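*Asks:* entry14.pdb is reproduced below (PDB, C-alpha atoms (C1' of nucleotides)).
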```
ATOM      1  CA  MET Q   1       0.000   0.000   0.000
ATOM      2  CA  PRO Q   2       2.273   2.733  -1.189
ATOM      3  CA  GLU Q   3       1.868   5.994   0.608
ATOM      4  CA  LEU Q   4       4.072   8.987  -0.102
ATOM      5  CA  PRO Q   5       7.054   7.719   1.949
ATOM      6  CA  GLU Q   6       7.146   4.469  -0.004
ATOM      7  CA  VAL Q   7       6.935   6.275  -3.317
ATOM      8  CA  GLU Q   8       9.764   8.605  -2.311
ATOM      9  CA  THR Q   9      11.815   5.655  -1.044
ATOM     10  CA  THR Q  10      11.192   3.808  -4.304
ATOM     11  CA  LYS Q  11      12.241   6.831  -6.314
ATOM     12  CA  ARG Q  12      15.465   7.180  -4.315
ATOM     13  CA  GLY Q  13      16.119   3.463  -4.573
ATOM     14  CA  ILE Q  14      15.878   3.217  -8.351
ATOM     15  CA  GLU Q  15      17.389   6.609  -9.224
ATOM     16  CA  PRO Q  16      21.103   5.708  -9.013
ATOM     17  CA  HIS Q  17      20.596   2.689 -11.267
ATOM     18  CA  LEU Q  18      18.804   4.560 -14.032
ATOM     19  CA  VAL Q  19      19.790   8.207 -14.355
ATOM     20  CA  GLY Q  20      22.119   8.841 -17.275
ATOM     21  CA  LYS Q  21      21.369   5.456 -18.811
ATOM     22  CA  ALA Q  22      19.572   4.705 -22.060
ATOM     23  CA  ILE Q  23      16.470   2.525 -22.150
ATOM     24  CA  SER Q  24      17.256  -0.328 -24.517
ATOM     25  CA  GLU Q  25      13.834  -1.918 -24.525
ATOM     26  CA  ILE Q  26      10.476  -1.949 -22.807
ATOM     27  CA  VAL Q  27       8.632  -5.240 -22.433
ATOM     28  CA  ILE Q  28       4.892  -4.977 -21.785
ATOM     29  CA  ARG Q  29       3.192  -8.189 -20.659
ATOM     30  CA  GLU Q  30      -0.006  -6.521 -19.480
ATOM     31  CA  LYS Q  31      -1.661  -3.376 -20.837
ATOM     32  CA  ARG Q  32      -4.671  -3.166 -18.542
ATOM     33  CA  PHE Q  33      -3.928  -0.705 -15.753
ATOM     34  CA  ARG Q  34      -5.838   2.189 -14.176
ATOM     35  CA  TRP Q  35      -5.033   3.894 -17.455
ATOM     36  CA  PRO Q  36      -4.304   1.481 -20.324
ATOM     37  CA  ILE Q  37      -0.783   1.459 -21.741
ATOM     38  CA  GLN Q  38      -0.736   3.853 -24.695
ATOM     39  CA  ASN Q  39       0.274   2.650 -28.137
ATOM     40  CA  CYS Q  40       2.851   5.451 -28.459
ATOM     41  CA  LEU Q  41       4.715   4.447 -25.287
ATOM     42  CA  LYS Q  42       7.173   2.010 -26.802
ATOM     43  CA  LYS Q  43       8.466   4.202 -29.589
ATOM     44  CA  ASN Q  44       8.617   7.266 -27.313
ATOM     45  CA  ILE Q  45      10.820   5.735 -24.641
ATOM     46  CA  GLN Q  46      12.931   3.062 -26.325
ATOM     47  CA  LYS Q  47      16.522   4.133 -27.072
ATOM     48  CA  LYS Q  48      16.091   7.327 -25.021
ATOM     49  CA  ILE Q  49      18.286   8.462 -22.149
ATOM     50  CA  ILE Q  50      16.823   8.984 -18.662
ATOM     51  CA  LEU Q  51      18.008  12.478 -17.753
ATOM     52  CA  LYS Q  52      16.314  12.788 -14.391
ATOM     53  CA  ILE Q  53      13.779  11.121 -12.101
ATOM     54  CA  SER Q  54      11.486  13.258  -9.966
ATOM     55  CA  ARG Q  55       8.363  12.862  -7.881
ATOM     56  CA  ARG Q  56       5.125  14.819  -7.842
ATOM     57  CA  SER Q  57       2.526  13.596  -5.379
ATOM     58  CA  LYS Q  58       2.620   9.801  -5.650
ATOM     59  CA  TYR Q  59       3.694   9.927  -9.288
ATOM     60  CA  ILE Q  60       7.268   9.072 -10.244
ATOM     61  CA  LEU Q  61       8.332  11.073 -13.297
ATOM     62  CA  PHE Q  62      11.002   9.888 -15.706
ATOM     63  CA  HIS Q  63      12.433  12.747 -17.755
ATOM     64  CA  LEU Q  64      13.804  11.702 -21.139
ATOM     65  CA  GLU Q  65      15.392  13.758 -23.917
ATOM     66  CA  ASN Q  66      12.104  13.860 -25.808
ATOM     67  CA  GLY Q  67       9.579  14.198 -22.982
ATOM     68  CA  CYS Q  68       8.395  12.538 -19.834
ATOM     69  CA  PHE Q  69       6.630   9.408 -18.679
ATOM     70  CA  MET Q  70       5.349   8.606 -15.223
ATOM     71  CA  ILE Q  71       4.545   5.632 -13.046
ATOM     72  CA  HIS Q  72       1.925   5.517 -10.320
ATOM     73  CA  LEU Q  73       2.047   2.493  -8.000
ATOM     74  CA  GLY Q  74      -1.666   2.574  -7.236
ATOM     75  CA  MET Q  75      -2.411   0.438  -4.215
ATOM     76  CA  SER Q  76      -0.373  -2.637  -4.787
ATOM     77  CA  GLY Q  77       2.365  -1.654  -7.227
ATOM     78  CA  SER Q  78       6.108  -1.913  -6.650
ATOM     79  CA  LEU Q  79       9.236  -1.235  -8.636
ATOM     80  CA  ARG Q  80      12.479  -3.096  -8.239
ATOM     81  CA  ILE Q  81      15.814  -3.134  -9.937
ATOM     82  CA  THR Q  82      16.608  -6.612 -11.146
ATOM     83  CA  ASN Q  83      18.414  -8.445 -13.948
ATOM     84  CA  ALA Q  84      17.693 -10.821 -16.800
ATOM     85  CA  LYS Q  85      18.522 -13.894 -14.692
ATOM     86  CA  GLN Q  86      15.695 -13.257 -12.254
ATOM     87  CA  GLU Q  87      12.555 -15.159 -13.099
ATOM     88  CA  ILE Q  88       9.397 -13.271 -14.017
ATOM     89  CA  LYS Q  89       7.056 -13.499 -11.072
ATOM     90  CA  LYS Q  90       3.302 -13.278 -11.016
ATOM     91  CA  HIS Q  91       2.089  -9.739 -11.789
ATOM     92  CA  ASP Q  92       5.499  -8.614 -13.114
ATOM     93  CA  HIS Q  93       3.732  -6.678 -15.856
ATOM     94  CA  ILE Q  94       6.399  -4.408 -17.316
ATOM     95  CA  ASP Q  95      10.183  -4.416 -17.731
ATOM     96  CA  ILE Q  96      12.081  -1.266 -18.580
ATOM     97  CA  LYS Q  97      15.473  -2.571 -19.632
ATOM     98  CA  ILE Q  98      18.741  -0.710 -19.550
ATOM     99  CA  ASN Q  99      20.854  -3.833 -20.188
ATOM    100  CA  LYS Q 100      20.804  -7.443 -19.050
ATOM    101  CA  ASN Q 101      22.152  -6.487 -15.642
ATOM    102  CA  THR Q 102      19.802  -3.593 -15.013
ATOM    103  CA  ILE Q 103      16.065  -3.916 -15.455
ATOM    104  CA  LEU Q 104      13.345  -1.845 -13.810
ATOM    105  CA  ARG Q 105      10.528  -4.286 -13.150
ATOM    106  CA  PHE Q 106       6.982  -3.074 -12.420
ATOM    107  CA  ASN Q 107       4.843  -5.500 -10.441
ATOM    108  CA  ASP Q 108       1.217  -4.662  -9.656
ATOM    109  CA  PRO Q 109      -1.255  -7.380  -8.598
ATOM    110  CA  ARG Q 110      -4.308  -5.128  -8.542
ATOM    111  CA  ARG Q 111      -3.396  -3.020 -11.563
ATOM    112  CA  PHE Q 112      -4.579   0.218  -9.960
ATOM    113  CA  GLY Q 113      -1.220   1.604 -10.962
ATOM    114  CA  SER Q 114      -0.311   3.183 -14.272
ATOM    115  CA  LEU Q 115       2.497   3.993 -16.672
ATOM    116  CA  LEU Q 116       1.721   6.996 -18.813
ATOM    117  CA  TRP Q 117       3.477   8.986 -21.513
ATOM    118  CA  LEU Q 118       3.060  12.700 -20.702
ATOM    119  CA  GLY Q 119       5.040  14.451 -23.428
ATOM    120  CA  LYS Q 120       7.135  17.580 -23.044
ATOM    121  CA  LYS Q 121       4.994  19.489 -20.546
ATOM    122  CA  PRO Q 122       4.202  16.874 -17.893
ATOM    123  CA  HIS Q 123       2.743  19.350 -15.424
ATOM    124  CA  ASN Q 124       0.061  20.384 -17.890
ATOM    125  CA  HIS Q 125      -1.301  16.851 -17.875
ATOM    126  CA  PHE Q 126      -4.799  16.579 -16.405
ATOM    127  CA  LEU Q 127      -3.593  14.183 -13.707
ATOM    128  CA  LEU Q 128      -1.012  16.685 -12.480
ATOM    129  CA  ASN Q 129      -2.312  20.168 -13.194
ATOM    130  CA  LYS Q 130      -4.852  20.369 -10.367
ATOM    131  CA  LEU Q 131      -2.686  18.940  -7.605
ATOM    132  CA  GLY Q 132      -2.230  20.867  -4.367
ATOM    133  CA  PRO Q 133       1.156  21.600  -2.782
ATOM    134  CA  GLU Q 134       3.630  18.969  -1.625
ATOM    135  CA  PRO Q 135       3.608  18.628   2.174
ATOM    136  CA  PHE Q 136       7.313  19.543   2.243
ATOM    137  CA  ASN Q 137       6.812  22.643   0.133
ATOM    138  CA  GLU Q 138       6.783  26.110   1.720
ATOM    139  CA  GLU Q 139       3.265  26.713   0.356
ATOM    140  CA  PHE Q 140       1.967  24.076   2.749
ATOM    141  CA  THR Q 141       1.243  26.194   5.828
ATOM    142  CA  PRO Q 142      -1.404  26.252   8.576
ATOM    143  CA  ASP Q 143      -2.752  29.433   7.031
ATOM    144  CA  TYR Q 144      -3.129  27.811   3.618
ATOM    145  CA  LEU Q 145      -5.139  24.903   5.054
ATOM    146  CA  PHE Q 146      -7.191  27.248   7.235
ATOM    147  CA  LYS Q 147      -8.213  29.422   4.286
ATOM    148  CA  LYS Q 148      -8.958  26.454   2.026
ATOM    149  CA  SER Q 149     -11.118  24.819   4.666
ATOM    150  CA  ARG Q 150     -13.475  27.724   5.357
ATOM    151  CA  ASN Q 151     -17.039  26.866   4.305
ATOM    152  CA  ARG Q 152     -16.023  23.234   3.729
ATOM    153  CA  LYS Q 153     -18.368  20.846   5.457
ATOM    154  CA  LEU Q 154     -16.629  17.557   4.683
ATOM    155  CA  PRO Q 155     -14.816  15.668   7.470
ATOM    156  CA  ILE Q 156     -11.282  16.969   8.066
ATOM    157  CA  LYS Q 157      -9.899  13.529   7.253
ATOM    158  CA  ASN Q 158     -11.387  13.629   3.742
ATOM    159  CA  PHE Q 159     -10.170  17.215   3.392
ATOM    160  CA  ILE Q 160      -6.511  16.366   4.020
ATOM    161  CA  MET Q 161      -6.767  13.264   1.811
ATOM    162  CA  ASN Q 162      -7.961  15.386  -1.130
ATOM    163  CA  ASN Q 163      -5.075  15.746  -3.573
ATOM    164  CA  ASN Q 164      -6.324  19.146  -4.707
ATOM    165  CA  ILE Q 165      -5.729  20.426  -1.172
ATOM    166  CA  VAL Q 166      -2.432  18.696  -0.360
ATOM    167  CA  VAL Q 167      -0.882  15.677  -2.029
ATOM    168  CA  GLY Q 168       0.503  12.503  -0.538
ATOM    169  CA  VAL Q 169      -1.648  12.043   2.552
ATOM    170  CA  GLY Q 170      -3.123   8.560   2.284
ATOM    171  CA  ASN Q 171      -5.364   6.776   4.739
ATOM    172  CA  ILE Q 172      -2.682   5.566   7.162
ATOM    173  CA  TYR Q 173      -0.978   8.923   7.598
ATOM    174  CA  ALA Q 174      -4.241  10.868   7.675
ATOM    175  CA  ASN Q 175      -5.254   8.769  10.671
ATOM    176  CA  GLU Q 176      -1.871   9.132  12.350
ATOM    177  CA  ALA Q 177      -1.553  12.877  11.752
ATOM    178  CA  LEU Q 178      -5.042  13.536  13.130
ATOM    179  CA  PHE Q 179      -4.244  11.538  16.253
ATOM    180  CA  ILE Q 180      -0.998  13.414  16.826
ATOM    181  CA  SER Q 181      -2.756  16.746  16.440
ATOM    182  CA  GLY Q 182      -5.707  15.782  18.657
ATOM    183  CA  ILE Q 183      -8.378  16.252  15.979
ATOM    184  CA  ARG Q 184     -11.199  13.767  15.503
ATOM    185  CA  PRO Q 185     -11.302  12.544  11.863
ATOM    186  CA  SER Q 186     -15.033  13.208  11.527
ATOM    187  CA  ARG Q 187     -14.868  16.867  12.547
ATOM    188  CA  LYS Q 188     -16.177  19.183   9.845
ATOM    189  CA  SER Q 189     -13.330  21.003   8.146
ATOM    190  CA  TYR Q 190     -14.656  24.514   8.814
ATOM    191  CA  LYS Q 191     -14.707  23.752  12.546
ATOM    192  CA  VAL Q 192     -10.964  23.127  12.628
ATOM    193  CA  THR Q 193      -9.246  26.161  14.149
ATOM    194  CA  LYS Q 194      -6.072  27.907  13.100
ATOM    195  CA  LYS Q 195      -4.334  26.480  16.162
ATOM    196  CA  ASP Q 196      -5.465  22.982  15.203
ATOM    197  CA  PHE Q 197      -4.097  23.490  11.713
ATOM    198  CA  GLU Q 198      -0.734  24.494  13.162
ATOM    199  CA  LYS Q 199      -0.569  21.133  14.913
ATOM    200  CA  LEU Q 200      -1.955  19.305  11.893
ATOM    201  CA  THR Q 201       0.487  20.678   9.307
ATOM    202  CA  ASP Q 202       3.316  19.872  11.708
ATOM    203  CA  ALA Q 203       2.000  16.366  12.274
ATOM    204  CA  ILE Q 204       1.578  15.631   8.559
ATOM    205  CA  VAL Q 205       5.129  16.725   7.797
ATOM    206  CA  LYS Q 206       6.451  14.836  10.810
ATOM    207  CA  VAL Q 207       4.828  11.471  10.079
ATOM    208  CA  LEU Q 208       5.732  11.592   6.403
ATOM    209  CA  LYS Q 209       9.332  12.620   7.056
ATOM    210  CA  SER Q 210       9.960  10.029   9.746
ATOM    211  CA  SER Q 211       8.592   7.320   7.475
ATOM    212  CA  ILE Q 212      10.829   8.387   4.630
ATOM    213  CA  ASP Q 213      13.780   8.257   7.014
ATOM    214  CA  MET Q 214      12.841   4.715   8.015
ATOM    215  CA  GLY Q 215      12.410   3.685   4.405
ATOM    216  CA  GLY Q 216      15.833   5.099   3.750
ATOM    217  CA  THR Q 217      17.412   2.672   6.165
ATOM    218  CA  THR Q 218      16.347  -0.255   3.977
ATOM    219  CA  LEU Q 219      17.448   1.295   0.685
ATOM    220  CA  LYS Q 220      20.519  -0.895   0.543
ATOM    221  CA  ASP Q 221      18.212  -3.871   0.066
ATOM    222  CA  PHE Q 222      16.340  -2.343  -2.819
ATOM    223  CA  VAL Q 223      18.099  -4.181  -5.598
ATOM    224  CA  ASN Q 224      16.605  -7.625  -6.131
ATOM    225  CA  SER Q 225      14.465  -7.282  -3.048
ATOM    226  CA  ASP Q 226      10.709  -7.313  -2.953
ATOM    227  CA  GLY Q 227      10.859  -3.558  -3.114
ATOM    228  CA  ASN Q 228       9.232  -3.008   0.243
ATOM    229  CA  PRO Q 229      10.926  -0.401   2.385
ATOM    230  CA  GLY Q 230      10.785  -0.699   6.159
ATOM    231  CA  TYR Q 231       8.640   2.323   6.922
ATOM    232  CA  PHE Q 232       5.568   0.204   7.449
ATOM    233  CA  GLN Q 233       7.064  -1.358  10.539
ATOM    234  CA  GLN Q 234       6.999   2.018  12.198
ATOM    235  CA  THR Q 235       5.001   2.362  15.354
ATOM    236  CA  LEU Q 236       1.484   3.402  14.490
ATOM    237  CA  PHE Q 237      -0.587   5.211  17.110
ATOM    238  CA  VAL Q 238      -4.050   4.400  15.792
ATOM    239  CA  TYR Q 239      -4.103   2.858  12.315
ATOM    240  CA  GLY Q 240      -5.351  -0.732  12.444
ATOM    241  CA  ARG Q 241      -5.588  -0.627  16.239
ATOM    242  CA  ASP Q 242      -9.344  -0.601  16.873
ATOM    243  CA  LYS Q 243     -10.347  -2.052  20.253
ATOM    244  CA  GLU Q 244      -6.715  -1.779  21.378
ATOM    245  CA  SER Q 245      -5.625   0.745  23.963
ATOM    246  CA  CYS Q 246      -4.498   4.270  23.155
ATOM    247  CA  LYS Q 247      -0.746   4.705  23.517
ATOM    248  CA  LYS Q 248      -1.254   8.112  25.159
ATOM    249  CA  CYS Q 249      -4.196   7.696  27.536
ATOM    250  CA  LYS Q 250      -4.808   3.904  27.605
ATOM    251  CA  GLY Q 251      -8.403   4.491  26.450
ATOM    252  CA  GLU Q 252      -9.991   2.505  23.638
ATOM    253  CA  ILE Q 253      -9.263   3.114  19.946
ATOM    254  CA  TYR Q 254     -12.443   3.249  17.878
ATOM    255  CA  LEU Q 255     -13.039   2.349  14.257
ATOM    256  CA  GLN Q 256     -15.421   4.460  12.209
ATOM    257  CA  ARG Q 257     -16.098   4.425   8.471
ATOM    258  CA  ILE Q 258     -15.677   7.891   7.029
ATOM    259  CA  GLY Q 259     -16.051   8.316   3.296
ATOM    260  CA  GLN Q 260     -15.821   4.550   2.715
ATOM    261  CA  ARG Q 261     -12.504   4.461   4.526
ATOM    262  CA  SER Q 262     -11.508   3.053   7.898
ATOM    263  CA  SER Q 263     -10.807   5.768  10.399
ATOM    264  CA  PHE Q 264      -9.240   5.102  13.764
ATOM    265  CA  PHE Q 265      -9.298   7.512  16.673
ATOM    266  CA  CYS Q 266      -9.248   7.917  20.439
ATOM    267  CA  LYS Q 267     -12.345   9.663  21.844
ATOM    268  CA  ASN Q 268     -10.350  11.031  24.740
ATOM    269  CA  CYS Q 269      -7.311  12.359  22.848
ATOM    270  CA  GLN Q 270      -9.146  13.612  19.754
ATOM    271  CA  LYS Q 271     -11.970  16.149  19.867
TER
ATOM    272  C1'  DA R   1     -18.731  24.255  -6.469
ATOM    273  C1'  DT R   2     -19.034  20.717  -3.265
ATOM    274  C1'  DC R   3     -19.649  16.263  -1.463
ATOM    275  C1'  DG R   4     -20.327  11.453  -1.105
ATOM    276  C1'  DC R   5     -20.734   7.260  -3.391
ATOM    277  C1'  DC R   6     -19.102   3.971  -6.880
ATOM    278  C1'  DT R   7     -15.656   1.769  -9.418
ATOM    279  C1'  DC R   8     -11.467  -0.494 -11.043
ATOM    280  C1'  DC R   9      -8.642  -5.335  -9.158
ATOM    281  C1'  DT R  10      -6.477  -9.209  -6.573
ATOM    282  C1'  DG R  11      -5.091 -11.323  -2.303
ATOM    283  C1'  DC R  12      -6.064 -12.339   2.134
ATOM    284  C1'  DG R  13      -8.420 -13.593   6.314
ATOM    285  C1'  DC R  14     -12.439 -14.931   8.235
ATOM    286  C1'  DG R  15     -16.520 -17.957   9.242
ATOM    287  C1'  DC R  16     -18.747 -22.023   8.243
TER
ATOM    288  C1'  DT K   1      -9.633 -28.636   3.670
ATOM    289  C1'  DG K   2     -12.236 -25.703   0.853
ATOM    290  C1'  DC K   3     -15.476 -22.501  -0.333
ATOM    291  C1'  DG K   4     -17.552 -17.911  -0.495
ATOM    292  C1'  DC K   5     -17.710 -13.617   1.281
ATOM    293  C1'  DG K   6     -16.141  -8.990   2.657
ATOM    294  C1'  DC K   7     -12.592  -6.000   3.046
ATOM    295  C1'  DA K   8      -8.387  -3.382   1.904
ATOM    296  C1'  DG K   9      -6.896   0.869  -0.606
ATOM    297  C1'  DG K  10      -5.675   5.583  -4.559
ATOM    298  C1'  DA K  11      -8.152   8.471  -6.840
ATOM    299  C1'  DG K  12     -10.962   9.701 -10.987
ATOM    300  C1'  DG K  13     -15.758  10.096 -12.396
ATOM    301  C1'  DC K  14     -20.314  11.029 -11.744
ATOM    302  C1'  DG K  15     -24.842  12.158  -9.928
ATOM    303  C1'  DA K  16     -27.214  14.894  -6.568
TER
END
```
Kindly present the structure from the file in structure tokens form.
*Replies:*
Amino acid sequence: MPELPEVETTKRGIEPHLVGKAISEIVIREKRFRWPIQNCLKKNIQKKIILKISRRSKYILFHLENGCFMIHLGMSGSLRITNAKQEIKKHDHIDIKINKNTILRFNDPRRFGSLLWLGKKPHNHFLLNKLGPEPFNEEFTPDYLFKKSRNRKLPIKNFIMNNNIVVGVGNIYANEALFISGIRPSRKSYKVTKKDFEKLTDAIVKVLKSSIDMGGTTLKDFVNSDGNPGYFQQTLFVYGRDKESCKKCKGEIYLQRIGQRSSFFCKNCQK
DNA sequence: ATCGCCTCCTGCGCGC
DNA sequence: TGCGCGCAGGAGGCGA
């Protein structure tokens, strides 16, 4: 379940193996993804040099001489650097080959992921041009969230998970950040105060950063591994802990469905 | 404009 | 041991 830290860790893990290298071939075993593989993809990326890899939201962007393509891992996708000797496993849908010793292999059981050609102006693409700020960007301030949330009646948890507001906050970290900042997930956005937003912006940045740091510690295993960084082992305060006791007050953690998603909170610590 | 529901898909864990 | 069911989750699309 890639959240922003896993995407960033993936990007950092594959980057040194790919930047400056030419793509010799792309092998597509499966075309059915969230967005189907375009017919133009092969001819646009084969024989081209990867100049740079960047990340926007949960999209990993590959900048070539002639334009840009991007990969989204969806819910179950992973990328790993492997070689031609490694057997093709189930759901290994796409290989981007540099040479026989270096292959970027895209595995995605649920196929909610995607690999899209964007052309020369990637940020004009409809999937990217409405995105809100990155959590680590200076635009992401308590004041920004406060202003955006006025007159918004949706639960604060849905608000911070909306990519048009801020990118990269998935279900796990939305739950964790709201616990840390003492805000109940169901609270209407317009009822969240400026002071609350100060805690919340801090908490979002904190949980994402600490997870990236943890992922970073497993980077050395990225090549030929299953591609899973270690961030998920981090101590979670509330996510997945319904009926268990709160790590702050020893009270009970409750599970509530908000917007079709599991939300975990402590009634005592979050108001 | 805003919000909430539906959908895509596979693997897994549960109850029987 | 096996079957069927429900759930998990990112995020676009759509109807109200």
*Asks:* Show me, as a VMD selection string, the residues of chain Q whose atoms get within 9 Å of chain R, using all atoms listed in the file for the distance check.
*Replies:* chain Q and resid 33 to 34 109 to 112 152 to 154 259 to 260
*Asks:* With 9 Å as the limit and counting only C-alpha atoms (C1' of nucleotides), what residues in chain K lie close to chain Q? Please list them as a PyMOL selection string.
*Replies:* chain K and resi 9-11
*Asks:* State, in Å with one decimal place, the distance from CA of Ile204 in chain Q to CA of His125 in chain Q.
*Replies:*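 It comes out at 26.6 Å.
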*Asks:* Between CA of Thr82 in chain Q and CA of Leu104 in chain Q, what is the distance in Å, rounded to a tenth?
*Replies:*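 CA of Leu104 in chain Q lies 6.4 Å from CA of Thr82 in chain Q.
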*Asks:* Distance CA of Arg187 in chain Q-C1' of DA8 in chain K, one decimal place?
*Replies:*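 About the pair CA of Arg187 in chain Q and C1' of DA8 in chain K: they are 23.8 Å apart.
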*Asks:* Could you expand the PyMOL selection byres ((chain Q and resi 119) around 8) into the explicit residues it covers here, written as a ChimeraX atom specification?
*Replies:* /Q:66-69,117-118,120-122
*Asks:* Build an axis-aligned box that encloses every atom of chain K listed in the file, pad it by 3 Å on each side, and report its centre and edge lengths in Å to one decimal, as AutoDock Vina command-line options.
*Replies:*
```
--center_x -16.4 --center_y -6.9 --center_z -4.4 --size_x 27.5 --size_y 49.5 --size_z 22.1
```
*Asks:* Select, from Q:Tyr59, Q:Phe146, Q:Tyr173, Q:Phe264, the residue with the minimum atom-to-atom distance to Glu244 in chain Q, counting all atoms listed in the file.
*Replies:*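 Looking at the shortest contact to Glu244 in chain Q, the residue is Q:Phe264.
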*Asks:* Could you check which of Q:Phe106, Q:Phe265, Q:Phe140, Q:Tyr239 is closest to Ile94 in chain Q, using all atoms listed in the file?
*Replies:*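 Selected residue with least distance to Ile94 in chain Q: Q:Phe106.
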